[in-house]
$ cat coords30.pdb   # PDB, N, CA, C and O atoms
ATOM      1  N   MET A 217       1.258   4.094   1.450
ATOM      2  CA  MET A 217       0.838   5.470   1.299
ATOM      3  C   MET A 217       0.998   6.175   2.640
ATOM      4  O   MET A 217       0.557   5.694   3.664
ATOM      5  N   SER A 218       1.619   7.314   2.573
ATOM      6  CA  SER A 218       1.745   8.174   3.740
ATOM      7  C   SER A 218       0.368   8.769   4.050
ATOM      8  O   SER A 218      -0.462   8.926   3.164
ATOM      9  N   ASN A 219       0.126   9.116   5.298
ATOM     10  CA  ASN A 219      -1.161   9.740   5.632
ATOM     11  C   ASN A 219      -0.990  11.216   6.015
ATOM     12  O   ASN A 219      -1.900  11.824   6.567
ATOM     13  N   ILE A 220       0.141  11.790   5.690
ATOM     14  CA  ILE A 220       0.391  13.191   6.024
ATOM     15  C   ILE A 220      -0.644  14.098   5.365
ATOM     16  O   ILE A 220      -1.137  15.039   5.992
ATOM     17  N   HIS A 221      -0.992  13.800   4.108
ATOM     18  CA  HIS A 221      -1.968  14.650   3.416
ATOM     19  C   HIS A 221      -3.339  14.624   4.092
ATOM     20  O   HIS A 221      -4.094  15.577   3.989
ATOM     21  N   LEU A 222      -3.644  13.557   4.794
ATOM     22  CA  LEU A 222      -4.940  13.465   5.463
ATOM     23  C   LEU A 222      -5.043  14.437   6.643
ATOM     24  O   LEU A 222      -6.145  14.803   7.054
ATOM     25  N   ARG A 223      -3.914  14.859   7.157
ATOM     26  CA  ARG A 223      -3.897  15.812   8.279
ATOM     27  C   ARG A 223      -3.665  17.253   7.822
ATOM     28  O   ARG A 223      -3.616  18.155   8.639
ATOM     29  N   ASP A 224      -3.536  17.449   6.521
ATOM     30  CA  ASP A 224      -3.299  18.780   5.969
ATOM     31  C   ASP A 224      -4.601  19.579   5.990
ATOM     32  O   ASP A 224      -5.536  19.280   5.254
ATOM     33  N   LYS A 225      -4.668  20.601   6.814
ATOM     34  CA  LYS A 225      -5.885  21.396   6.958
ATOM     35  C   LYS A 225      -6.057  22.422   5.841
ATOM     36  O   LYS A 225      -7.066  23.114   5.786
ATOM     37  N   THR A 226      -5.080  22.514   4.938
ATOM     38  CA  THR A 226      -5.166  23.506   3.855
ATOM     39  C   THR A 226      -5.887  22.975   2.622
ATOM     40  O   THR A 226      -6.176  23.748   1.707
ATOM     41  N   ILE A 227      -6.178  21.670   2.576
ATOM     42  CA  ILE A 227      -6.888  21.107   1.422
ATOM     43  C   ILE A 227      -8.201  20.481   1.873
ATOM     44  O   ILE A 227      -8.345  20.050   3.014
ATOM     45  N   SER A 228      -9.154  20.451   0.960
ATOM     46  CA  SER A 228     -10.495  19.935   1.256
ATOM     47  C   SER A 228     -10.504  18.411   1.376
ATOM     48  O   SER A 228      -9.566  17.730   0.947
ATOM     49  N   MET A 229     -11.607  17.919   1.916
ATOM     50  CA  MET A 229     -11.785  16.466   1.998
ATOM     51  C   MET A 229     -11.829  15.856   0.594
ATOM     52  O   MET A 229     -11.330  14.750   0.392
ATOM     53  N   LYS A 230     -12.398  16.577  -0.366
ATOM     54  CA  LYS A 230     -12.438  16.079  -1.745
ATOM     55  C   LYS A 230     -11.018  15.893  -2.270
ATOM     56  O   LYS A 230     -10.698  14.842  -2.837
ATOM     57  N   ALA A 231     -10.169  16.890  -2.068
ATOM     58  CA  ALA A 231      -8.785  16.795  -2.539
ATOM     59  C   ALA A 231      -8.051  15.666  -1.830
ATOM     60  O   ALA A 231      -7.286  14.922  -2.455
ATOM     61  N   LYS A 232      -8.282  15.523  -0.535
ATOM     62  CA  LYS A 232      -7.652  14.423   0.220
ATOM     63  C   LYS A 232      -8.094  13.070  -0.325
ATOM     64  O   LYS A 232      -7.276  12.148  -0.463
ATOM     65  N   GLY A 233      -9.374  12.942  -0.654
ATOM     66  CA  GLY A 233      -9.887  11.686  -1.197
ATOM     67  C   GLY A 233      -9.305  11.373  -2.560
ATOM     68  O   GLY A 233      -8.904  10.237  -2.838
ATOM     69  N   ILE A 234      -9.241  12.383  -3.417
ATOM     70  CA  ILE A 234      -8.674  12.176  -4.752
ATOM     71  C   ILE A 234      -7.210  11.769  -4.641
ATOM     72  O   ILE A 234      -6.770  10.829  -5.304
ATOM     73  N   LEU A 235      -6.459  12.469  -3.793
ATOM     74  CA  LEU A 235      -5.044  12.128  -3.623
ATOM     75  C   LEU A 235      -4.890  10.721  -3.062
ATOM     76  O   LEU A 235      -4.029   9.960  -3.508
ATOM     77  N   SER A 236      -5.741  10.338  -2.123
ATOM     78  CA  SER A 236      -5.676   8.986  -1.557
ATOM     79  C   SER A 236      -5.939   7.934  -2.625
ATOM     80  O   SER A 236      -5.256   6.910  -2.677
ATOM     81  N   VAL A 237      -6.920   8.191  -3.480
ATOM     82  CA  VAL A 237      -7.217   7.244  -4.566
ATOM     83  C   VAL A 237      -6.028   7.150  -5.511
ATOM     84  O   VAL A 237      -5.603   6.054  -5.885
ATOM     85  N   ILE A 238      -5.495   8.302  -5.903
ATOM     86  CA  ILE A 238      -4.342   8.307  -6.815
ATOM     87  C   ILE A 238      -3.180   7.522  -6.218
ATOM     88  O   ILE A 238      -2.550   6.714  -6.898
ATOM     89  N   LEU A 239      -2.902   7.752  -4.939
ATOM     90  CA  LEU A 239      -1.779   7.053  -4.288
ATOM     91  C   LEU A 239      -2.025   5.554  -4.159
ATOM     92  O   LEU A 239      -1.075   4.783  -4.052
ATOM     93  N   SER A 240      -3.287   5.133  -4.189
ATOM     94  CA  SER A 240      -3.596   3.703  -4.062
ATOM     95  C   SER A 240      -3.520   2.969  -5.399
ATOM     96  O   SER A 240      -3.508   1.742  -5.430
ATOM     97  N   LEU A 241      -3.464   3.710  -6.507
ATOM     98  CA  LEU A 241      -3.430   3.088  -7.836
ATOM     99  C   LEU A 241      -2.009   2.670  -8.207
ATOM    100  O   LEU A 241      -1.039   3.248  -7.715
ATOM    101  N   PRO A 242      -1.876   1.690  -9.101
ATOM    102  CA  PRO A 242      -0.539   1.275  -9.551
ATOM    103  C   PRO A 242       0.176   2.424 -10.252
ATOM    104  O   PRO A 242      -0.468   3.290 -10.862
ATOM    105  N   ASP A 243       1.494   2.437 -10.173
ATOM    106  CA  ASP A 243       2.287   3.500 -10.794
ATOM    107  C   ASP A 243       2.061   3.617 -12.297
ATOM    108  O   ASP A 243       2.158   4.698 -12.856
ATOM    109  N   ASP A 244       1.735   2.500 -12.952
ATOM    110  CA  ASP A 244       1.560   2.526 -14.402
ATOM    111  C   ASP A 244       0.116   2.806 -14.827
ATOM    112  O   ASP A 244      -0.215   2.726 -15.997
ATOM    113  N   TRP A 245      -0.751   3.160 -13.866
ATOM    114  CA  TRP A 245      -2.142   3.475 -14.194
ATOM    115  C   TRP A 245      -2.171   4.737 -15.036
ATOM    116  O   TRP A 245      -1.407   5.674 -14.800
ATOM    117  N   ASN A 246      -3.041   4.784 -16.030
ATOM    118  CA  ASN A 246      -3.135   5.934 -16.931
ATOM    119  C   ASN A 246      -4.026   7.000 -16.291
ATOM    120  O   ASN A 246      -5.244   6.952 -16.414
ATOM    121  N   TYR A 247      -3.414   7.959 -15.612
ATOM    122  CA  TYR A 247      -4.150   9.001 -14.907
ATOM    123  C   TYR A 247      -4.795   9.968 -15.886
ATOM    124  O   TYR A 247      -4.159  10.434 -16.824
ATOM    125  N   SER A 248      -6.057  10.286 -15.644
ATOM    126  CA  SER A 248      -6.761  11.313 -16.398
ATOM    127  C   SER A 248      -7.979  11.715 -15.586
ATOM    128  O   SER A 248      -8.442  10.969 -14.715
ATOM    129  N   VAL A 249      -8.503  12.899 -15.880
ATOM    130  CA  VAL A 249      -9.724  13.346 -15.200
ATOM    131  C   VAL A 249     -10.842  12.350 -15.482
ATOM    132  O   VAL A 249     -11.554  11.925 -14.571
ATOM    133  N   ARG A 250     -10.987  11.971 -16.736
ATOM    134  CA  ARG A 250     -12.036  11.020 -17.119
ATOM    135  C   ARG A 250     -11.868   9.672 -16.412
ATOM    136  O   ARG A 250     -12.820   9.094 -15.905
ATOM    137  N   GLY A 251     -10.621   9.180 -16.372
ATOM    138  CA  GLY A 251     -10.367   7.897 -15.722
ATOM    139  C   GLY A 251     -10.663   7.934 -14.231
ATOM    140  O   GLY A 251     -11.247   6.994 -13.680
ATOM    141  N   LEU A 252     -10.277   9.018 -13.566
ATOM    142  CA  LEU A 252     -10.560   9.142 -12.134
ATOM    143  C   LEU A 252     -12.058   9.269 -11.878
ATOM    144  O   LEU A 252     -12.576   8.727 -10.896
ATOM    145  N   ALA A 253     -12.761   9.954 -12.764
ATOM    146  CA  ALA A 253     -14.214  10.080 -12.608
ATOM    147  C   ALA A 253     -14.902   8.722 -12.787
ATOM    148  O   ALA A 253     -15.879   8.423 -12.090
ATOM    149  N   LYS A 254     -14.379   7.911 -13.695
ATOM    150  CA  LYS A 254     -14.985   6.602 -13.946
ATOM    151  C   LYS A 254     -14.890   5.656 -12.753
ATOM    152  O   LYS A 254     -15.739   4.793 -12.575
ATOM    153  N   ILE A 255     -13.848   5.811 -11.941
ATOM    154  CA  ILE A 255     -13.694   4.901 -10.797
ATOM    155  C   ILE A 255     -14.230   5.522  -9.505
ATOM    156  O   ILE A 255     -13.982   5.007  -8.423
ATOM    157  N   SER A 256     -14.974   6.624  -9.635
ATOM    158  CA  SER A 256     -15.554   7.268  -8.459
ATOM    159  C   SER A 256     -16.982   7.695  -8.773
ATOM    160  O   SER A 256     -17.474   7.501  -9.878
ATOM    161  N   ARG A 257     -17.622   8.306  -7.803
ATOM    162  CA  ARG A 257     -18.974   8.823  -7.994
ATOM    163  C   ARG A 257     -18.957  10.304  -8.364
ATOM    164  O   ARG A 257     -19.998  10.915  -8.519
ATOM    165  N   GLU A 258     -17.779  10.879  -8.484
ATOM    166  CA  GLU A 258     -17.635  12.306  -8.771
ATOM    167  C   GLU A 258     -17.714  12.574 -10.272
ATOM    168  O   GLU A 258     -17.355  11.727 -11.080
ATOM    169  N   SER A 259     -18.156  13.770 -10.621
ATOM    170  CA  SER A 259     -18.187  14.175 -12.024
ATOM    171  C   SER A 259     -16.783  14.571 -12.473
ATOM    172  O   SER A 259     -15.899  14.805 -11.644
ATOM    173  N   GLU A 260     -16.601  14.670 -13.775
ATOM    174  CA  GLU A 260     -15.307  15.093 -14.300
ATOM    175  C   GLU A 260     -14.966  16.500 -13.834
ATOM    176  O   GLU A 260     -13.812  16.781 -13.512
ATOM    177  N   SER A 261     -15.955  17.390 -13.751
ATOM    178  CA  SER A 261     -15.680  18.763 -13.296
ATOM    179  C   SER A 261     -15.278  18.779 -11.826
ATOM    180  O   SER A 261     -14.421  19.568 -11.420
ATOM    181  N   SER A 262     -15.859  17.901 -11.030
ATOM    182  CA  SER A 262     -15.484  17.814  -9.619
ATOM    183  C   SER A 262     -14.059  17.282  -9.458
ATOM    184  O   SER A 262     -13.280  17.808  -8.654
ATOM    185  N   ILE A 263     -13.721  16.267 -10.232
ATOM    186  CA  ILE A 263     -12.362  15.725 -10.209
ATOM    187  C   ILE A 263     -11.379  16.799 -10.659
ATOM    188  O   ILE A 263     -10.323  17.007 -10.032
ATOM    189  N   ALA A 264     -11.722  17.516 -11.719
ATOM    190  CA  ALA A 264     -10.832  18.562 -12.241
ATOM    191  C   ALA A 264     -10.581  19.650 -11.199
ATOM    192  O   ALA A 264      -9.441  20.098 -11.025
ATOM    193  N   SER A 265     -11.619  20.055 -10.478
ATOM    194  CA  SER A 265     -11.413  21.098  -9.462
ATOM    195  C   SER A 265     -10.582  20.574  -8.301
ATOM    196  O   SER A 265      -9.756  21.293  -7.743
ATOM    197  N   GLY A 266     -10.764  19.306  -7.941
ATOM    198  CA  GLY A 266      -9.942  18.702  -6.888
ATOM    199  C   GLY A 266      -8.482  18.612  -7.295
ATOM    200  O   GLY A 266      -7.585  18.862  -6.493
ATOM    201  N   LEU A 267      -8.228  18.284  -8.563
ATOM    202  CA  LEU A 267      -6.856  18.213  -9.055
ATOM    203  C   LEU A 267      -6.210  19.601  -9.088
ATOM    204  O   LEU A 267      -5.030  19.750  -8.753
ATOM    205  N   ARG A 268      -6.979  20.620  -9.458
ATOM    206  CA  ARG A 268      -6.445  21.989  -9.419
ATOM    207  C   ARG A 268      -6.069  22.383  -7.994
ATOM    208  O   ARG A 268      -5.040  23.023  -7.766
ATOM    209  N   GLU A 269      -6.889  21.985  -7.042
ATOM    210  CA  GLU A 269      -6.589  22.253  -5.632
ATOM    211  C   GLU A 269      -5.298  21.550  -5.206
ATOM    212  O   GLU A 269      -4.465  22.141  -4.510
ATOM    213  N   LEU A 270      -5.120  20.317  -5.635
ATOM    214  CA  LEU A 270      -3.895  19.576  -5.312
ATOM    215  C   LEU A 270      -2.679  20.215  -5.969
ATOM    216  O   LEU A 270      -1.600  20.258  -5.372
ATOM    217  N   GLU A 271      -2.844  20.734  -7.184
ATOM    218  CA  GLU A 271      -1.747  21.452  -7.847
ATOM    219  C   GLU A 271      -1.371  22.696  -7.051
ATOM    220  O   GLU A 271      -0.188  22.958  -6.817
ATOM    221  N   LYS A 272      -2.370  23.458  -6.658
ATOM    222  CA  LYS A 272      -2.126  24.696  -5.913
ATOM    223  C   LYS A 272      -1.409  24.413  -4.584
ATOM    224  O   LYS A 272      -0.553  25.168  -4.159
ATOM    225  N   ALA A 273      -1.747  23.280  -3.959
ATOM    226  CA  ALA A 273      -1.146  22.909  -2.679
ATOM    227  C   ALA A 273       0.212  22.223  -2.843
ATOM    228  O   ALA A 273       0.893  21.956  -1.858
ATOM    229  N   GLY A 274       0.614  21.910  -4.080
ATOM    230  CA  GLY A 274       1.920  21.314  -4.330
ATOM    231  C   GLY A 274       1.970  19.798  -4.295
ATOM    232  O   GLY A 274       3.051  19.215  -4.369
ATOM    233  N   TYR A 275       0.809  19.151  -4.226
ATOM    234  CA  TYR A 275       0.775  17.687  -4.224
ATOM    235  C   TYR A 275       0.820  17.097  -5.625
ATOM    236  O   TYR A 275       1.095  15.918  -5.804
ATOM    237  N   LEU A 276       0.521  17.897  -6.630
ATOM    238  CA  LEU A 276       0.409  17.416  -7.996
ATOM    239  C   LEU A 276       1.059  18.410  -8.952
ATOM    240  O   LEU A 276       0.871  19.620  -8.819
ATOM    241  N   VAL A 277       1.806  17.861  -9.904
ATOM    242  CA  VAL A 277       2.339  18.642 -11.019
ATOM    243  C   VAL A 277       1.915  17.907 -12.279
ATOM    244  O   VAL A 277       2.105  16.690 -12.394
ATOM    245  N   ARG A 278       1.310  18.654 -13.215
ATOM    246  CA  ARG A 278       0.918  18.053 -14.492
ATOM    247  C   ARG A 278       1.749  18.704 -15.587
ATOM    248  O   ARG A 278       1.859  19.923 -15.649
ATOM    249  N   LYS A 279       2.333  17.863 -16.437
ATOM    250  CA  LYS A 279       3.139  18.349 -17.556
ATOM    251  C   LYS A 279       2.540  17.815 -18.845
ATOM    252  O   LYS A 279       2.417  16.602 -19.010
ATOM    253  N   GLN A 280       2.174  18.726 -19.734
ATOM    254  CA  GLN A 280       1.594  18.339 -21.022
ATOM    255  C   GLN A 280       2.684  18.318 -22.084
ATOM    256  O   GLN A 280       3.429  19.281 -22.243
ATOM    257  N   SER A 281       2.769  17.206 -22.780
ATOM    258  CA  SER A 281       3.752  17.092 -23.863
ATOM    259  C   SER A 281       3.093  17.494 -25.180
ATOM    260  O   SER A 281       1.880  17.680 -25.259
ATOM    261  N   ARG A 282       3.910  17.647 -26.190
ATOM    262  CA  ARG A 282       3.437  17.942 -27.547
ATOM    263  C   ARG A 282       3.912  16.831 -28.477
ATOM    264  O   ARG A 282       4.997  16.300 -28.314
ATOM    265  N   THR A 283       3.097  16.529 -29.461
ATOM    266  CA  THR A 283       3.469  15.530 -30.458
ATOM    267  C   THR A 283       4.426  16.172 -31.457
ATOM    268  O   THR A 283       4.629  17.381 -31.453
ATOM    269  N   ALA A 284       4.976  15.359 -32.338
ATOM    270  CA  ALA A 284       5.937  15.854 -33.332
ATOM    271  C   ALA A 284       5.327  16.920 -34.242
ATOM    272  O   ALA A 284       6.025  17.814 -34.708
ATOM    273  N   ASP A 285       4.007  16.846 -34.456
ATOM    274  CA  ASP A 285       3.360  17.843 -35.325
ATOM    275  C   ASP A 285       2.803  19.037 -34.545
ATOM    276  O   ASP A 285       2.060  19.848 -35.085
ATOM    277  N   GLY A 286       3.156  19.147 -33.264
ATOM    278  CA  GLY A 286       2.771  20.314 -32.461
ATOM    279  C   GLY A 286       1.456  20.198 -31.725
ATOM    280  O   GLY A 286       1.069  21.109 -31.006
ATOM    281  N   ARG A 287       0.764  19.099 -31.862
ATOM    282  CA  ARG A 287      -0.504  18.904 -31.144
ATOM    283  C   ARG A 287      -0.243  18.595 -29.680
ATOM    284  O   ARG A 287       0.838  18.156 -29.312
ATOM    285  N   MET A 288      -1.270  18.830 -28.867
ATOM    286  CA  MET A 288      -1.169  18.491 -27.446
ATOM    287  C   MET A 288      -1.072  16.977 -27.296
ATOM    288  O   MET A 288      -1.850  16.236 -27.895
ATOM    289  N   GLY A 289      -0.109  16.539 -26.494
ATOM    290  CA  GLY A 289       0.098  15.114 -26.276
ATOM    291  C   GLY A 289      -0.428  14.680 -24.920
ATOM    292  O   GLY A 289      -1.328  15.304 -24.349
ATOM    293  N   ASN A 290       0.153  13.635 -24.399
ATOM    294  CA  ASN A 290      -0.250  13.095 -23.103
ATOM    295  C   ASN A 290       0.119  14.040 -21.972
ATOM    296  O   ASN A 290       1.044  14.841 -22.083
ATOM    297  N   ILE A 291      -0.610  13.903 -20.877
ATOM    298  CA  ILE A 291      -0.316  14.676 -19.673
ATOM    299  C   ILE A 291       0.365  13.738 -18.680
ATOM    300  O   ILE A 291      -0.159  12.665 -18.382
ATOM    301  N   GLU A 292       1.520  14.146 -18.200
ATOM    302  CA  GLU A 292       2.239  13.372 -17.188
ATOM    303  C   GLU A 292       1.837  13.924 -15.823
ATOM    304  O   GLU A 292       1.862  15.125 -15.587
ATOM    305  N   TYR A 293       1.435  13.026 -14.924
ATOM    306  CA  TYR A 293       1.053  13.401 -13.565
ATOM    307  C   TYR A 293       2.220  13.056 -12.636
ATOM    308  O   TYR A 293       2.648  11.897 -12.607
ATOM    309  N   ILE A 294       2.706  14.023 -11.896
ATOM    310  CA  ILE A 294       3.736  13.792 -10.888
ATOM    311  C   ILE A 294       3.083  14.050  -9.543
ATOM    312  O   ILE A 294       2.583  15.151  -9.285
ATOM    313  N   ILE A 295       3.049  13.020  -8.702
ATOM    314  CA  ILE A 295       2.336  13.061  -7.433
ATOM    315  C   ILE A 295       3.331  13.100  -6.282
ATOM    316  O   ILE A 295       4.299  12.341  -6.271
ATOM    317  N   TYR A 296       3.060  13.967  -5.333
ATOM    318  CA  TYR A 296       3.873  14.060  -4.120
ATOM    319  C   TYR A 296       3.006  13.708  -2.922
ATOM    320  O   TYR A 296       1.885  14.193  -2.798
ATOM    321  N   GLU A 297       3.524  12.845  -2.055
ATOM    322  CA  GLU A 297       2.780  12.437  -0.871
ATOM    323  C   GLU A 297       2.759  13.507   0.209
ATOM    324  O   GLU A 297       1.898  13.504   1.063
ATOM    325  N   GLU A 298       3.740  14.385   0.188
ATOM    326  CA  GLU A 298       3.767  15.463   1.187
ATOM    327  C   GLU A 298       4.299  16.732   0.574
ATOM    328  O   GLU A 298       4.860  16.745  -0.480
TER     329      GLU A 298
END
$ encode --input "coords30.pdb" --output "structure tokens"
Amino acid sequence: MSNIHLRDKTISMKAKGILSVILSLPDDWNYSVRGLAKISRESESSIASGLRELEKAGYLVRKQSRTADGRMGNIEYIIYEE
């Protein structure tokens, strides 16, 4: 894991911590707000706000797919280290 994000003064310590945890997980880990909250002491709303901050800063892109019948499907998380 690169530590460039740890020196980024534009994001909060919460966002840095969430990104560090995400980068430490296996690539095939099933990322979700609920899953990240379960492995931390943070609430789901706190994790969600940290992820929004990471999106705004360009460290995270989330893409929601749709099922064949038009329902919301899985969310793909694309993580950038810098």
$ residues_around --input "coords30.pdb" --residues "A:Leu235" --least-positions-apart "5" --cutoff "8 Å" --atoms "only N, CA, C and O atoms" --output "ChimeraX atom specification"
/A:218,228-230,240-241,266-267,270,275,296-297
$ resolve_selection --input "coords30.pdb" --expression "the PyMOL selection byres ((chain A and resi 277) around 6)" --output "number ranges by chain"
A: 271, 274-276, 278-279, 292-295
$ select_by_dssp --input "coords30.pdb" --residues "chain A" --states "strand (DSSP E or B)" --output "number ranges by chain"
A: 276-282, 288-295
$ atom_distance --input "coords30.pdb" --atom1 "atom N of A:Val237" --atom2 "atom C of A:Arg257"
13.2 Å
$ residues_near_point --input "coords30.pdb" --point "(1.6, 7.6, -17.5)" --cutoff "10 Å" --atoms "only C-alpha atoms" --output "list in words"
Asp243, Asp244, Trp245, Asn246, Tyr247, Ser248, Asn290, Ile291, Glu292, Tyr293 and Ile294 of chain A
$ select_by_dssp --input "coords30.pdb" --residues "chain A" --states "helix (DSSP H, G or I)" --output "PyMOL selection string"
chain A and resi 220-223+229-240+249-254+260-273
$ residues_around --input "coords30.pdb" --residues "A:Glu260" --least-positions-apart "3" --cutoff "9 Å" --atoms "only C-alpha atoms" --output "list in words"
Val249, Arg250, Gly251, Leu252, Ala253, Lys254, Ile263, Ala264 and Ser265 of chain A
$ atom_distance --input "coords30.pdb" --atom1 "atom CA of A:Lys272" --atom2 "atom CA of A:Leu239"
17.7 Å
$ atom_distance --input "coords30.pdb" --atom1 "atom C of A:Arg268" --atom2 "atom C of A:Ala284"
29.1 Å
$ closest_residue --input "coords30.pdb" --among "A:Thr226, A:Ser261, A:Ser256, A:Ser236" --to "A:Ala273" --atoms "only C-alpha atoms"
A:Thr226
